[in-house]
file input.txt (compact mmCIF, C-alpha atoms)
# COMPACT_ATOMS: atom_id res chain seq x y z
CA MET A 1 -54.10 -11.49 -18.06
CA VAL A 2 -50.77 -10.46 -16.52
CA LYS A 3 -48.40 -8.48 -18.70
CA PHE A 4 -44.67 -9.19 -18.96
CA ARG A 5 -43.90 -5.70 -17.69
CA ASP A 6 -45.93 -6.29 -14.51
CA TYR A 7 -44.18 -9.58 -13.81
CA LEU A 8 -40.79 -7.93 -14.43
CA LEU A 9 -41.58 -5.16 -11.93
CA ILE A 10 -42.59 -7.76 -9.36
CA GLN A 11 -39.23 -9.50 -9.73
CA TYR A 12 -37.38 -6.18 -9.48
CA LYS A 13 -39.21 -5.43 -6.22
CA ARG A 14 -38.32 -8.87 -4.88
CA ILE A 15 -34.63 -8.63 -5.64
CA PHE A 16 -34.16 -4.98 -4.65
CA LYS A 17 -35.40 -5.86 -1.16
CA LEU A 18 -32.29 -8.04 -0.95
CA LEU A 19 -29.95 -5.31 -2.25
CA PRO A 20 -28.62 -3.96 1.11
CA GLY A 21 -27.61 -7.42 2.29
CA ILE A 22 -26.18 -8.28 -1.11
CA LEU A 23 -24.01 -5.14 -1.17
CA ALA A 24 -22.73 -5.83 2.34
CA MET A 25 -21.77 -9.35 1.36
CA ILE A 26 -20.20 -8.11 -1.87
CA ILE A 27 -17.98 -5.65 -0.02
CA VAL A 28 -16.82 -8.40 2.36
CA VAL A 29 -16.06 -10.86 -0.46
CA ALA A 30 -14.35 -8.18 -2.57
CA THR A 31 -12.20 -7.13 0.39
CA LEU A 32 -11.13 -10.71 1.10
CA LEU A 33 -10.29 -11.47 -2.53
CA GLY A 34 -8.53 -8.11 -2.89
CA ALA A 35 -6.45 -8.83 0.21
CA ALA A 36 -5.53 -12.24 -1.21
CA GLY A 37 -4.43 -10.63 -4.47
CA PHE A 38 -2.45 -7.96 -2.62
CA VAL A 39 -0.62 -10.63 -0.63
CA VAL A 40 0.26 -12.55 -3.81
CA ILE A 41 1.55 -9.47 -5.64
CA ASN A 42 3.57 -8.28 -2.64
CA SER A 43 4.91 -11.70 -1.68
CA ASP A 44 8.64 -12.33 -1.47
CA ALA A 45 8.41 -14.82 -4.34
CA TYR A 46 6.99 -12.21 -6.71
CA LYS A 47 9.44 -9.53 -5.58
CA ALA A 48 12.31 -11.95 -6.14
CA GLU A 49 11.22 -12.34 -9.77
CA LYS A 50 11.72 -8.60 -10.31
CA GLN A 51 15.20 -8.49 -8.77
CA ARG A 52 18.50 -8.83 -10.59
CA TYR A 53 20.65 -11.90 -10.03
CA LYS A 54 23.50 -10.99 -7.71
CA LEU A 55 26.90 -12.35 -8.72
CA GLY A 56 29.90 -12.07 -6.41
CA VAL A 57 33.40 -11.27 -7.69
CA VAL A 58 36.54 -12.11 -5.70
CA GLY A 59 39.99 -10.94 -6.73
CA GLU A 60 41.77 -7.97 -8.22
CA THR A 61 39.75 -6.09 -10.82
CA ASP A 62 42.33 -3.36 -11.36
CA ASN A 63 43.60 -5.04 -14.51
CA GLU A 64 42.67 -2.94 -17.55
CA MET A 65 40.84 -5.69 -19.43
CA ILE A 66 39.10 -7.10 -16.35
CA SER A 67 38.06 -3.62 -15.23
CA LEU A 68 36.68 -2.98 -18.71
CA GLY A 69 34.63 -6.16 -18.58
CA VAL A 70 33.26 -5.42 -15.11
CA ASN A 71 32.31 -1.86 -16.03
CA MET A 72 30.70 -3.00 -19.26
CA ILE A 73 28.48 -5.51 -17.41
CA GLY A 74 27.62 -2.97 -14.74
CA SER A 75 26.84 0.06 -16.88
CA MET A 76 26.94 -0.52 -20.65
CA ASP A 77 25.78 -4.01 -21.56
CA ASP A 78 22.12 -5.09 -21.45
CA SER A 79 23.11 -7.76 -18.93
CA ARG A 80 23.13 -4.97 -16.31
CA PHE A 81 19.33 -5.38 -16.16
CA MET A 82 19.77 -9.02 -15.13
CA ILE A 83 23.06 -9.16 -13.21
CA GLU A 84 24.34 -7.13 -10.28
CA LEU A 85 28.04 -7.55 -9.51
CA ILE A 86 29.15 -7.41 -5.88
CA GLU A 87 32.89 -7.39 -5.09
CA TYR A 88 34.33 -9.28 -2.08
CA ASP A 89 37.80 -9.12 -0.56
CA ASP A 90 38.26 -12.86 -0.07
CA VAL A 91 36.70 -16.23 -0.87
CA GLU A 92 35.39 -16.82 2.65
CA SER A 93 33.36 -13.60 2.58
CA ALA A 94 31.86 -14.63 -0.77
CA LYS A 95 31.04 -18.12 0.53
CA THR A 96 29.32 -16.64 3.58
CA ALA A 97 27.27 -14.33 1.35
CA MET A 98 26.24 -17.26 -0.86
CA ARG A 99 25.21 -19.35 2.15
CA ASN A 100 23.08 -16.42 3.34
CA ALA A 101 21.54 -16.17 -0.15
CA ASP A 102 22.96 -12.66 -0.62
CA VAL A 103 24.43 -13.76 -3.96
CA SER A 104 23.41 -16.54 -6.35
CA ALA A 105 27.01 -17.48 -7.14
CA PHE A 106 30.49 -15.99 -7.23
CA VAL A 107 33.61 -16.12 -9.38
CA VAL A 108 37.24 -15.95 -8.27
CA ILE A 109 39.66 -14.05 -10.48
CA THR A 110 43.03 -15.60 -9.66
CA ASP A 111 46.45 -14.07 -10.21
CA GLU A 112 47.17 -16.83 -12.75
CA PHE A 113 44.12 -15.79 -14.78
CA THR A 114 45.19 -12.13 -14.73
CA ASP A 115 48.72 -13.06 -15.84
CA ALA A 116 47.36 -15.29 -18.60
CA LEU A 117 45.05 -12.51 -19.74
CA ASN A 118 47.94 -10.05 -19.93
CA ALA A 119 50.10 -12.56 -21.78
CA MET A 120 47.24 -13.69 -24.05
CA THR A 121 48.21 -17.32 -23.39
CA ASN A 122 44.64 -18.63 -22.77
CA ASP A 123 45.88 -21.27 -20.33
CA SER A 124 44.10 -20.27 -17.10
CA LYS A 125 40.46 -20.11 -16.04
CA VAL A 126 38.38 -18.24 -13.49
CA LYS A 127 36.81 -20.29 -10.70
CA TYR A 128 33.04 -20.34 -10.47
CA TYR A 129 31.18 -21.36 -7.28
CA ALA A 130 27.46 -22.13 -6.91
CA THR A 131 25.37 -23.94 -4.31
CA SER A 132 25.25 -27.72 -4.57
CA GLY A 133 22.30 -30.08 -4.22
CA GLN A 134 18.88 -29.46 -5.69
CA LYS A 135 19.05 -26.49 -8.06
CA GLY A 136 16.60 -23.64 -8.12
CA ILE A 137 15.95 -21.15 -10.88
CA SER A 138 18.81 -18.92 -9.66
CA ASN A 139 21.35 -21.71 -10.06
CA VAL A 140 20.06 -22.66 -13.50
CA MET A 141 20.17 -19.03 -14.63
CA MET A 142 23.69 -18.54 -13.29
CA ASP A 143 24.86 -21.71 -15.08
CA GLU A 144 23.46 -20.30 -18.32
CA ILE A 145 25.08 -16.91 -17.71
CA ALA A 146 28.43 -18.54 -16.91
CA SER A 147 28.20 -20.70 -20.04
CA ILE A 148 27.46 -17.68 -22.26
CA ALA A 149 30.23 -15.60 -20.68
CA THR A 150 32.71 -18.47 -21.03
CA ASN A 151 31.96 -18.91 -24.72
CA ILE A 152 32.30 -15.19 -25.40
CA ILE A 153 35.62 -14.90 -23.55
CA VAL A 154 37.16 -18.13 -24.89
CA TYR A 155 36.30 -17.54 -28.55
CA SER A 156 37.26 -13.87 -28.42
CA GLU A 157 40.55 -14.63 -26.77
CA THR A 158 41.20 -17.48 -29.22
CA GLY A 159 40.66 -15.10 -32.13
CA ILE A 160 43.06 -12.52 -30.69
CA CYS A 161 45.74 -15.11 -29.90
CA THR A 162 45.41 -16.64 -33.36
CA LEU A 163 45.80 -13.24 -35.02
CA ARG A 164 48.90 -12.48 -32.97
CA GLN A 165 50.47 -15.86 -33.77
CA ILE A 166 49.80 -15.61 -37.50
CA MET A 167 51.11 -12.03 -37.73
CA LYS A 168 54.21 -13.06 -35.77
CA GLU A 169 54.83 -15.97 -38.15
CA GLN A 170 54.37 -13.66 -41.14
CA GLY A 171 57.05 -11.34 -39.83
CA PHE A 172 54.97 -8.28 -38.91
CA SER A 173 56.63 -5.85 -36.55
CA LYS A 174 55.66 -5.67 -32.89
CA GLU A 175 54.04 -2.22 -33.30
CA ILE A 176 51.81 -3.37 -36.17
CA ARG A 177 50.84 -6.53 -34.27
CA HIS A 178 49.76 -4.48 -31.24
CA GLU A 179 47.82 -2.09 -33.44
CA LYS A 180 45.90 -4.83 -35.25
CA ILE A 181 45.28 -6.78 -32.04
CA ASN A 182 43.84 -3.65 -30.41
CA ASP A 183 41.63 -3.10 -33.46
CA LEU A 184 40.33 -6.67 -33.25
CA PHE A 185 39.81 -6.33 -29.49
CA MET A 186 37.72 -3.17 -29.96
CA LEU A 187 35.77 -4.92 -32.72
CA TYR A 188 34.90 -7.72 -30.29
CA ILE A 189 33.88 -5.20 -27.62
CA SER A 190 31.65 -3.31 -30.08
CA ALA A 191 30.02 -6.57 -31.16
CA LEU A 192 29.34 -7.56 -27.54
CA VAL A 193 27.80 -4.21 -26.62
CA LEU A 194 25.60 -4.10 -29.73
CA ARG A 195 24.72 -7.81 -29.88
CA THR A 196 21.14 -7.24 -28.60
CA ASN A 197 20.40 -5.05 -31.64
CA ILE A 198 20.21 -8.16 -33.81
CA THR A 199 17.37 -9.62 -31.73
CA GLU A 200 13.78 -8.69 -31.08
CA ILE A 201 12.64 -9.22 -27.50
CA THR A 202 9.01 -10.06 -26.76
CA GLU A 203 7.89 -10.12 -23.14
CA LEU A 204 5.42 -12.99 -22.77
CA GLY A 205 4.38 -12.17 -19.21
CA LEU A 206 3.11 -14.75 -16.75
CA SER A 207 0.51 -16.14 -19.19
CA ASP A 208 -1.69 -14.89 -22.04
CA GLY A 209 0.74 -12.01 -22.51
CA LEU A 210 -0.19 -10.54 -19.12
CA SER A 211 2.15 -9.33 -16.42
CA THR A 212 1.87 -10.98 -13.02
CA PRO A 213 -0.30 -8.20 -11.47
CA ALA A 214 -2.61 -8.17 -14.51
CA TYR A 215 -2.88 -11.97 -14.54
CA TYR A 216 -3.98 -12.21 -10.93
CA PHE A 217 -6.16 -9.12 -11.30
CA ALA A 218 -8.07 -10.79 -14.13
CA GLY A 219 -8.26 -14.17 -12.37
CA ILE A 220 -9.45 -12.84 -9.01
CA LEU A 221 -11.89 -10.39 -10.60
CA LEU A 222 -13.49 -13.06 -12.79
CA PHE A 223 -13.74 -15.54 -9.92
CA PHE A 224 -15.39 -12.80 -7.87
CA MET A 225 -17.92 -12.29 -10.67
CA LEU A 226 -18.65 -16.01 -10.63
CA LEU A 227 -19.36 -15.84 -6.90
CA LEU A 228 -21.75 -12.90 -7.31
CA SER A 229 -24.66 -15.27 -7.92
CA PHE A 230 -24.38 -16.61 -4.35
CA CYS A 231 -25.07 -13.17 -2.93
CA ALA A 232 -28.53 -13.18 -4.53
CA ILE A 233 -29.31 -16.81 -3.82
CA SER A 234 -32.30 -15.80 -1.68
CA PHE A 235 -33.92 -14.60 -4.90
CA PHE A 236 -34.16 -18.23 -6.04
CA LEU A 237 -35.52 -19.63 -2.79
CA GLY A 238 -39.17 -20.02 -1.81
CA GLN A 239 -40.42 -20.30 -5.39
CA LYS A 240 -42.95 -23.07 -5.99
CA ASN A 241 -43.91 -24.87 -9.17
CA ALA A 242 -47.50 -23.90 -8.49
CA GLN A 243 -46.53 -20.23 -8.84
CA TYR A 244 -44.94 -20.91 -12.22
CA LYS A 245 -48.04 -22.77 -13.37
CA PHE A 246 -50.30 -19.97 -12.16
CA MET A 247 -48.29 -17.30 -14.02
CA SER A 248 -48.28 -19.48 -17.12
CA SER A 249 -52.05 -19.69 -16.98
CA LYS A 250 -52.12 -15.87 -16.86
CA GLY A 251 -50.14 -15.61 -20.09
CA ILE A 252 -46.57 -15.44 -18.73
CA THR A 253 -45.10 -18.55 -20.33
CA SER A 254 -41.73 -20.10 -19.46
CA PRO A 255 -39.58 -17.92 -21.80
CA TYR A 256 -41.12 -14.72 -20.41
CA GLN A 257 -40.82 -15.96 -16.83
CA VAL A 258 -37.13 -16.74 -17.31
CA MET A 259 -36.38 -13.39 -18.92
CA ALA A 260 -38.39 -11.43 -16.34
CA GLU A 261 -36.39 -13.09 -13.54
CA TYR A 262 -33.04 -13.09 -15.31
CA ILE A 263 -33.04 -9.35 -16.08
CA PRO A 264 -33.34 -8.25 -12.41
CA PHE A 265 -30.75 -10.87 -11.44
CA LEU A 266 -28.40 -9.48 -14.10
CA THR A 267 -29.11 -5.93 -12.91
CA ILE A 268 -28.07 -6.77 -9.35
CA ASN A 269 -24.90 -8.47 -10.55
CA ALA A 270 -24.07 -5.45 -12.72
CA ILE A 271 -24.59 -3.10 -9.76
CA CYS A 272 -22.33 -5.22 -7.56
CA THR A 273 -19.67 -5.34 -10.26
CA ALA A 274 -19.85 -1.55 -10.65
CA VAL A 275 -19.45 -1.09 -6.89
CA THR A 276 -16.43 -3.40 -6.90
CA MET A 277 -14.82 -1.62 -9.84
CA GLY A 278 -15.38 1.65 -7.99
CA LEU A 279 -13.39 0.26 -5.06
CA ILE A 280 -10.66 -0.90 -7.44
CA PHE A 281 -10.58 2.56 -9.02
CA ALA A 282 -10.06 4.10 -5.58
CA VAL A 283 -7.25 1.64 -4.82
CA THR A 284 -5.47 2.45 -8.10
CA LYS A 285 -5.79 6.18 -7.43
CA MET A 286 -4.05 5.65 -4.10
CA GLU A 287 -1.35 3.75 -6.05
CA LEU A 288 -1.73 0.69 -3.85
CA PHE A 289 -2.03 -1.41 -7.00
CA THR A 290 -0.69 -0.77 -10.50
CA MET A 291 -0.58 -2.70 -13.77
CA ASP A 292 1.69 -2.04 -16.70
CA GLU A 293 -1.20 -2.86 -19.06
CA ILE A 294 -3.14 0.15 -17.76
CA SER A 295 -0.38 2.54 -16.67
CA SER A 296 1.29 2.28 -20.08
CA ALA A 297 -1.85 3.62 -21.80
CA PRO A 298 -3.33 6.68 -20.03
CA SER A 299 -6.50 6.56 -22.16
CA PHE A 300 -7.11 2.94 -21.13
CA GLY A 301 -8.19 2.95 -17.50
CA ILE A 302 -10.36 1.14 -14.99
CA LEU A 303 -13.51 2.68 -16.51
CA ASN A 304 -12.65 1.10 -19.85
CA VAL A 305 -12.07 -2.25 -18.17
CA SER A 306 -15.40 -1.91 -16.33
CA LEU A 307 -17.31 -1.39 -19.56
CA HIS A 308 -15.70 -4.47 -21.07
CA LEU A 309 -16.91 -6.52 -18.09
CA ILE A 310 -20.55 -6.17 -19.21
CA PRO A 311 -20.46 -9.18 -21.60
CA VAL A 312 -18.80 -11.29 -18.89
CA CYS A 313 -21.45 -10.23 -16.38
CA ILE A 314 -24.21 -11.18 -18.83
CA MET A 315 -22.74 -14.65 -19.46
CA PHE A 316 -21.92 -15.43 -15.81
CA SER A 317 -25.39 -14.26 -14.72
CA ALA A 318 -26.96 -16.57 -17.28
CA LEU A 319 -24.76 -19.42 -16.04
CA GLY A 320 -25.74 -18.81 -12.42
CA PHE A 321 -29.40 -18.50 -13.31
CA MET A 322 -29.32 -21.82 -15.18
CA ILE A 323 -27.56 -23.62 -12.31
CA PHE A 324 -30.01 -22.34 -9.69
CA GLU A 325 -32.94 -23.17 -11.95
CA ILE A 326 -31.77 -26.75 -12.38
CA LEU A 327 -30.82 -27.47 -8.75
CA ILE A 328 -33.44 -27.94 -6.06
CA GLY A 329 -32.80 -27.14 -2.39
CA VAL A 330 -30.60 -24.49 -0.85
CA ILE A 331 -27.82 -26.96 0.10
CA ASN A 332 -27.61 -28.30 -3.43
CA LYS A 333 -27.63 -24.80 -4.91
CA ILE A 334 -24.75 -23.63 -2.74
CA LEU A 335 -22.62 -26.78 -2.61
CA VAL A 336 -22.87 -27.88 -6.23
CA ALA A 337 -22.54 -24.37 -7.64
CA PHE A 338 -19.54 -23.55 -5.46
CA MET A 339 -17.72 -26.76 -6.37
CA LEU A 340 -18.51 -26.16 -10.03
CA TYR A 341 -17.17 -22.60 -9.87
CA ILE A 342 -14.01 -23.72 -8.07
CA GLY A 343 -13.35 -26.42 -10.67
CA MET A 344 -14.01 -24.10 -13.61
CA GLY A 345 -11.82 -21.38 -12.14
CA TYR A 346 -8.98 -23.77 -11.39
CA VAL A 347 -8.69 -25.40 -14.83
CA SER A 348 -9.14 -21.99 -16.49
CA GLY A 349 -6.12 -20.56 -14.67
CA TYR A 350 -7.83 -18.25 -12.17
CA PHE A 351 -5.70 -19.43 -9.25
CA TYR A 352 -2.63 -20.85 -10.96
CA PRO A 353 -1.05 -20.15 -14.36
CA LYS A 354 -2.74 -22.49 -16.81
CA THR A 355 0.51 -23.06 -18.71
CA PHE A 356 1.55 -25.42 -15.91
CA PHE A 357 -1.37 -27.76 -16.64
CA PRO A 358 -1.25 -30.65 -19.15
CA ALA A 359 -2.28 -29.76 -22.69
CA VAL A 360 -5.61 -31.58 -22.35
CA VAL A 361 -6.53 -29.67 -19.19
CA GLN A 362 -5.52 -26.39 -20.83
CA ALA A 363 -7.73 -27.15 -23.85
CA VAL A 364 -10.73 -28.02 -21.66
CA GLY A 365 -10.24 -24.97 -19.44
CA ALA A 366 -9.90 -22.64 -22.41
CA HIS A 367 -13.27 -23.72 -23.86
CA LEU A 368 -15.24 -23.48 -20.62
CA PRO A 369 -17.19 -20.24 -20.04
CA SER A 370 -14.65 -19.30 -17.38
CA GLY A 371 -11.77 -19.90 -19.81
CA VAL A 372 -13.41 -17.87 -22.58
CA ALA A 373 -13.97 -15.03 -20.12
CA PHE A 374 -10.31 -15.13 -19.05
CA SER A 375 -9.04 -15.07 -22.65
CA TYR A 376 -11.43 -12.22 -23.35
CA MET A 377 -10.13 -10.18 -20.40
CA ALA A 378 -6.53 -10.92 -21.39
CA ASP A 379 -7.21 -9.55 -24.87
CA VAL A 380 -8.98 -6.54 -23.37
CA LEU A 381 -5.98 -5.71 -21.17
CA THR A 382 -3.51 -6.22 -24.01
CA ARG A 383 -5.71 -4.37 -26.52
CA GLU A 384 -6.11 -7.35 -28.85
CA ASP A 385 -9.13 -8.25 -30.98
CA ILE A 386 -12.04 -9.48 -28.84
CA GLY A 387 -14.65 -10.12 -31.54
CA MET A 388 -14.48 -13.92 -31.45
CA HIS A 389 -14.64 -14.02 -27.65
CA LEU A 390 -17.76 -11.84 -27.69
CA LEU A 391 -19.47 -14.21 -30.13
CA ILE A 392 -18.62 -17.24 -28.00
CA MET A 393 -19.87 -15.57 -24.82
CA ALA A 394 -23.07 -14.56 -26.58
CA GLY A 395 -23.53 -18.17 -27.68
CA TYR A 396 -22.99 -19.45 -24.14
CA THR A 397 -25.51 -16.92 -22.81
CA VAL A 398 -28.19 -18.06 -25.27
CA ILE A 399 -27.52 -21.72 -24.41
CA PHE A 400 -27.73 -21.13 -20.64
CA LEU A 401 -31.01 -19.21 -20.92
CA ALA A 402 -32.43 -21.80 -23.32
CA VAL A 403 -31.62 -24.61 -20.88
CA ALA A 404 -33.15 -22.60 -18.00
CA THR A 405 -36.28 -22.09 -20.13
CA LEU A 406 -36.58 -25.82 -20.84
CA VAL A 407 -36.21 -26.62 -17.13
CA ARG A 408 -38.88 -24.04 -16.29
CA GLN A 409 -41.16 -25.54 -18.92
CA GLN A 410 -40.75 -28.94 -17.26
CA LYS A 411 -41.67 -27.45 -13.89
CA ILE A 412 -44.80 -25.87 -15.36
CA ARG A 413 -45.87 -29.22 -16.80

call {"tool": "encode", "arguments": {"input": "input.txt", "output": "C-alpha cells"}}
result
Amino acid sequence: MVKFRDYLLIQYKRIFKLLPGILAMIIVVATLLGAAGFVVINSDAYKAEKQRYKLGVVGETDNEMISLGVNMIGSMDDSRFMIELIEYDDVESAKTAMRNADVSAFVVITDEFTDALNAMTNDSKVKYYATSGQKGISNVMMDEIASIATNIIVYSETGICTLRQIMKEQGFSKEIRHEKINDLFMLYISALVLRTNITEITELGLSDGLSTPAYYFAGILLFFMLLLSFCAISFFLGQKNAQYKFMSSKGITSPYQVMAEYIPFLTINAICTAVTMGLIFAVTKMELFTMDEISSAPSFGILNVSLHLIPVCIMFSALGFMIFEILIGVINKILVAFMLYIGMGYVSGYFYPKTFFPAVVQAVGAHLPSGVAFSYMADVLTREDIGMHLLIMAGYTVIFLAVATLVRQQKIR
C-alpha cells in the first residue's frame, strides 16, 4: 500500500529536477514580455496621449480683453491642462507648423475682430484653421474646443451688448453704463474660471478604471501566468496509463493522483511567479516603470500585488493541469493549449482594450477564467471589493480539477 504522502514526494522530486530549466525559460519569457510592455508604454502613441493639445495663435494679443483671455487659458483656467497656446507672427508660419504637426490647429485674430471687440459690436469673427481630409482625434478635440469657446464668447458678448443697449435706451449715463458693463464682464469671467467647480470629474482610465500602464501591466502579467504551464510541460510527458492503473491498485485512486500531481505543479508555478514579481519589484525600484495605482498608495506595493496573485495562480494552474490531462501527445499539448491561451487572452482584453470589442465578445471574455482573472486584478489595483471574483475563481478551480479527475479515472479504466 502506497501512501498519498509518498506519491506526493515522488511528484515533487520529478518536477524539482526540471526547476533549473524552468527558471531559465521563465526569465527569458518574462524579459520578452516585459520588453514588449516597456515598448508599448514608452511608444510615441502613448506619450502623445499625455501631451496637451497645441493651439497656434496669430495676430495681436496686446488688446486688454484678448490678453486677458489668453492669460486665463494659459495660467488660470482648467483648460491649461489640455491646451497649450503658441503664438506666431504670421499665418504662413502657423500653417507651416500645422503641416509639421507642431500644432493641432491655429486661430487668426484679425484687426477687424479686435476693433469689433473694443466696440462691442459682435459683427466680426476669428478665423480657425485645421487640417483637412480624414480627421484624427486631435482634429475632433480641437473642433469641440473651438465650439465651446465660440459659444462662451458669443453668448457672453451678446449679454454685454444687450445690457449696454437697454441701459442706453433707458437713459442711463455713460459712466453708469460702463460701470455696470464692467461688473457684468467680471461676473462672466468669474463664472468661466469657476465653472469646473459645478462638475465632478471621474477618470475612467484605459479600461476597468485602470491607467494605461496598469492595464498593460495586468494584461501582460496574467498572460505570462497562463504561459507558465508550458515551462513545466515535461512534467506531463512520459506518463503511461499503466502507471496510473498500478498506483490505483496500490490505493492511490484518481482524486489522490490528481491532487498529488497538481500540488507540485502549482508549487512550481508559484515559485516562477514569485521570481517574476521579484524582477518587477527591482524594475520599479529603479523607477523604470511606475503606475499611479501603486505610487498613489505607499502602503500598497508590489508585495501586496504578489500576494493577491495566489488565487490567480491556483486557478490558472488547475486550468493548465486539466488541459494537459485531456490532451495526448506533446504536439497537441503545446499547439492546442497555446491557441486556447491566445484566444482567451485576446477576448479578455490582455492585448487590446476589451471596450473596443462588440458587446457579445466582451460578455464572453469577461466570463472566461482569463476575464475573471483580469477583472479581479483590476479590482485589486483599484482597491475595490474582490470577494465575488475570488468565489468565481474558486469555482473554476474546483471544476478544472474535477474534470481532470474524471479524465484520469477514464485512463485508469

call {"tool": "atom_distance", "arguments": {"input": "input.txt", "atom1": "atom CA of A:Ile220", "atom2": "atom CA of A:Thr355"}}
result
17.3 Å

call {"tool": "closest_residue", "arguments": {"input": "input.txt", "among": "A:Leu226, A:Ile263, A:Leu8, A:Cys272", "to": "A:Val28", "atoms": "only C-alpha atoms"}}
result
A:Cys272

call {"tool": "atom_distance", "arguments": {"input": "input.txt", "atom1": "atom CA of A:Ala282", "atom2": "atom CA of A:Tyr376"}}
result
24.2 Å

call {"tool": "atom_distance", "arguments": {"input": "input.txt", "atom1": "atom CA of A:Val398", "atom2": "atom CA of A:Phe324"}}
result
16.3 Å

call {"tool": "closest_residue", "arguments": {"input": "input.txt", "among": "A:Thr96, A:Val58, A:Val283, A:Phe236", "to": "A:Ile326", "atoms": "all atoms listed in the file"}}
result
A:Phe236

call {"tool": "residues_around", "arguments": {"input": "input.txt", "residues": "A:Ala242", "least_positions_apart": "5", "cutoff": "9 Å", "atoms": "all atoms listed in the file", "output": "ChimeraX atom specification"}}
result
/A:247,411-412

call {"tool": "residues_around", "arguments": {"input": "input.txt", "residues": "A:Ile271", "least_positions_apart": "3", "cutoff": "12 Å", "atoms": "only C-alpha atoms", "output": "list in words"}}
result
Phe16, Leu19, Pro20, Ile22, Leu23, Ile26, Met225, Leu228, Pro264, Phe265, Leu266, Thr267, Ile268, Ala274, Val275, Thr276, Met277, Gly278, Ser306, Leu309, Ile310 and Cys313 of chain A

call {"tool": "closest_residue", "arguments": {"input": "input.txt", "among": "A:Leu401, A:Leu340, A:Asn269, A:Ile166", "to": "A:Cys231", "atoms": "only C-alpha atoms"}}
result
A:Asn269

call {"tool": "residues_near_point", "arguments": {"input": "input.txt", "point": "(32.7, -13.3, -4.9)", "cutoff": "8 Å", "atoms": "only C-alpha atoms", "output": "ChimeraX atom specification"}}
result
/A:55-59,86-91,93-95,105-108

call {"tool": "closest_residue", "arguments": {"input": "input.txt", "among": "A:Thr273, A:Gln239, A:Gln409, A:Ser317", "to": "A:Gly329", "atoms": "all atoms listed in the file"}}
result
A:Gln239

call {"tool": "closest_residue", "arguments": {"input": "input.txt", "among": "A:Arg413, A:Leu319, A:Val403, A:Arg383", "to": "A:Pro369", "atoms": "all atoms listed in the file"}}
result
A:Leu319

call {"tool": "residues_around", "arguments": {"input": "input.txt", "residues": "A:Ala260", "least_positions_apart": "2", "cutoff": "7 Å", "atoms": "all atoms listed in the file", "output": "number ranges by chain"}}
result
A: 7-8, 11, 256-258, 262-263

call {"tool": "residues_around", "arguments": {"input": "input.txt", "residues": "A:Val312", "least_positions_apart": "3", "cutoff": "8 Å", "atoms": "all atoms listed in the file", "output": "PyMOL selection string"}}
result
chain A and resi 308-309+315-316+373+393

call {"tool": "closest_residue", "arguments": {"input": "input.txt", "among": "A:Thr382, A:Ser249, A:Ala337, A:Ile181", "to": "A:Ser229", "atoms": "only C-alpha atoms"}}
result
A:Ala337

call {"tool": "decode", "arguments": {"input": "input.txt", "residues": "stretch 379-389 of chain A", "atoms": "N, CA, C and O atoms", "output": "PDB file, in the first residue's frame"}}
result
ATOM      1  N   ASP A 379      -9.666  45.106  -9.922  1.00  0.00           N
ATOM      2  CA  ASP A 379     -10.216  45.494  -8.619  1.00  0.00           C
ATOM      3  C   ASP A 379      -9.137  45.509  -7.540  1.00  0.00           C
ATOM      4  O   ASP A 379      -9.203  46.310  -6.601  1.00  0.00           O
ATOM      5  N   VAL A 380      -8.153  44.640  -7.668  1.00  0.00           N
ATOM      6  CA  VAL A 380      -7.041  44.654  -6.712  1.00  0.00           C
ATOM      7  C   VAL A 380      -6.269  45.962  -6.836  1.00  0.00           C
ATOM      8  O   VAL A 380      -5.959  46.629  -5.843  1.00  0.00           O
ATOM      9  N   LEU A 381      -5.955  46.363  -8.068  1.00  0.00           N
ATOM     10  CA  LEU A 381      -5.160  47.568  -8.289  1.00  0.00           C
ATOM     11  C   LEU A 381      -5.922  48.841  -7.938  1.00  0.00           C
ATOM     12  O   LEU A 381      -5.313  49.845  -7.554  1.00  0.00           O
ATOM     13  N   THR A 382      -7.245  48.801  -8.071  1.00  0.00           N
ATOM     14  CA  THR A 382      -8.050  49.978  -7.744  1.00  0.00           C
ATOM     15  C   THR A 382      -8.654  49.891  -6.349  1.00  0.00           C
ATOM     16  O   THR A 382      -9.468  50.743  -5.974  1.00  0.00           O
ATOM     17  N   ARG A 383      -8.257  48.873  -5.597  1.00  0.00           N
ATOM     18  CA  ARG A 383      -8.718  48.684  -4.218  1.00  0.00           C
ATOM     19  C   ARG A 383     -10.236  48.582  -4.112  1.00  0.00           C
ATOM     20  O   ARG A 383     -10.882  49.164  -3.253  1.00  0.00           O
ATOM     21  N   GLU A 384     -10.839  47.807  -5.019  1.00  0.00           N
ATOM     22  CA  GLU A 384     -12.276  47.543  -4.965  1.00  0.00           C
ATOM     23  C   GLU A 384     -12.518  46.180  -4.315  1.00  0.00           C
ATOM     24  O   GLU A 384     -11.586  45.421  -4.045  1.00  0.00           O
ATOM     25  N   ASP A 385     -13.786  45.855  -4.095  1.00  0.00           N
ATOM     26  CA  ASP A 385     -14.136  44.580  -3.474  1.00  0.00           C
ATOM     27  C   ASP A 385     -13.845  43.426  -4.430  1.00  0.00           C
ATOM     28  O   ASP A 385     -14.218  43.469  -5.608  1.00  0.00           O
ATOM     29  N   ILE A 386     -13.169  42.392  -3.941  1.00  0.00           N
ATOM     30  CA  ILE A 386     -12.766  41.268  -4.789  1.00  0.00           C
ATOM     31  C   ILE A 386     -13.429  39.966  -4.361  1.00  0.00           C
ATOM     32  O   ILE A 386     -13.088  38.893  -4.881  1.00  0.00           O
ATOM     33  N   GLY A 387     -14.374  40.034  -3.431  1.00  0.00           N
ATOM     34  CA  GLY A 387     -14.983  38.816  -2.894  1.00  0.00           C
ATOM     35  C   GLY A 387     -15.642  37.948  -3.946  1.00  0.00           C
ATOM     36  O   GLY A 387     -15.428  36.725  -3.985  1.00  0.00           O
ATOM     37  N   MET A 388     -16.447  38.542  -4.823  1.00  0.00           N
ATOM     38  CA  MET A 388     -17.144  37.768  -5.850  1.00  0.00           C
ATOM     39  C   MET A 388     -16.168  37.124  -6.823  1.00  0.00           C
ATOM     40  O   MET A 388     -16.346  35.966  -7.230  1.00  0.00           O
ATOM     41  N   HIS A 389     -15.121  37.846  -7.201  1.00  0.00           N
ATOM     42  CA  HIS A 389     -14.123  37.277  -8.113  1.00  0.00           C
ATOM     43  C   HIS A 389     -13.421  36.075  -7.492  1.00  0.00           C
ATOM     44  O   HIS A 389     -13.130  35.080  -8.174  1.00  0.00           O
TER      45      HIS A 389
END
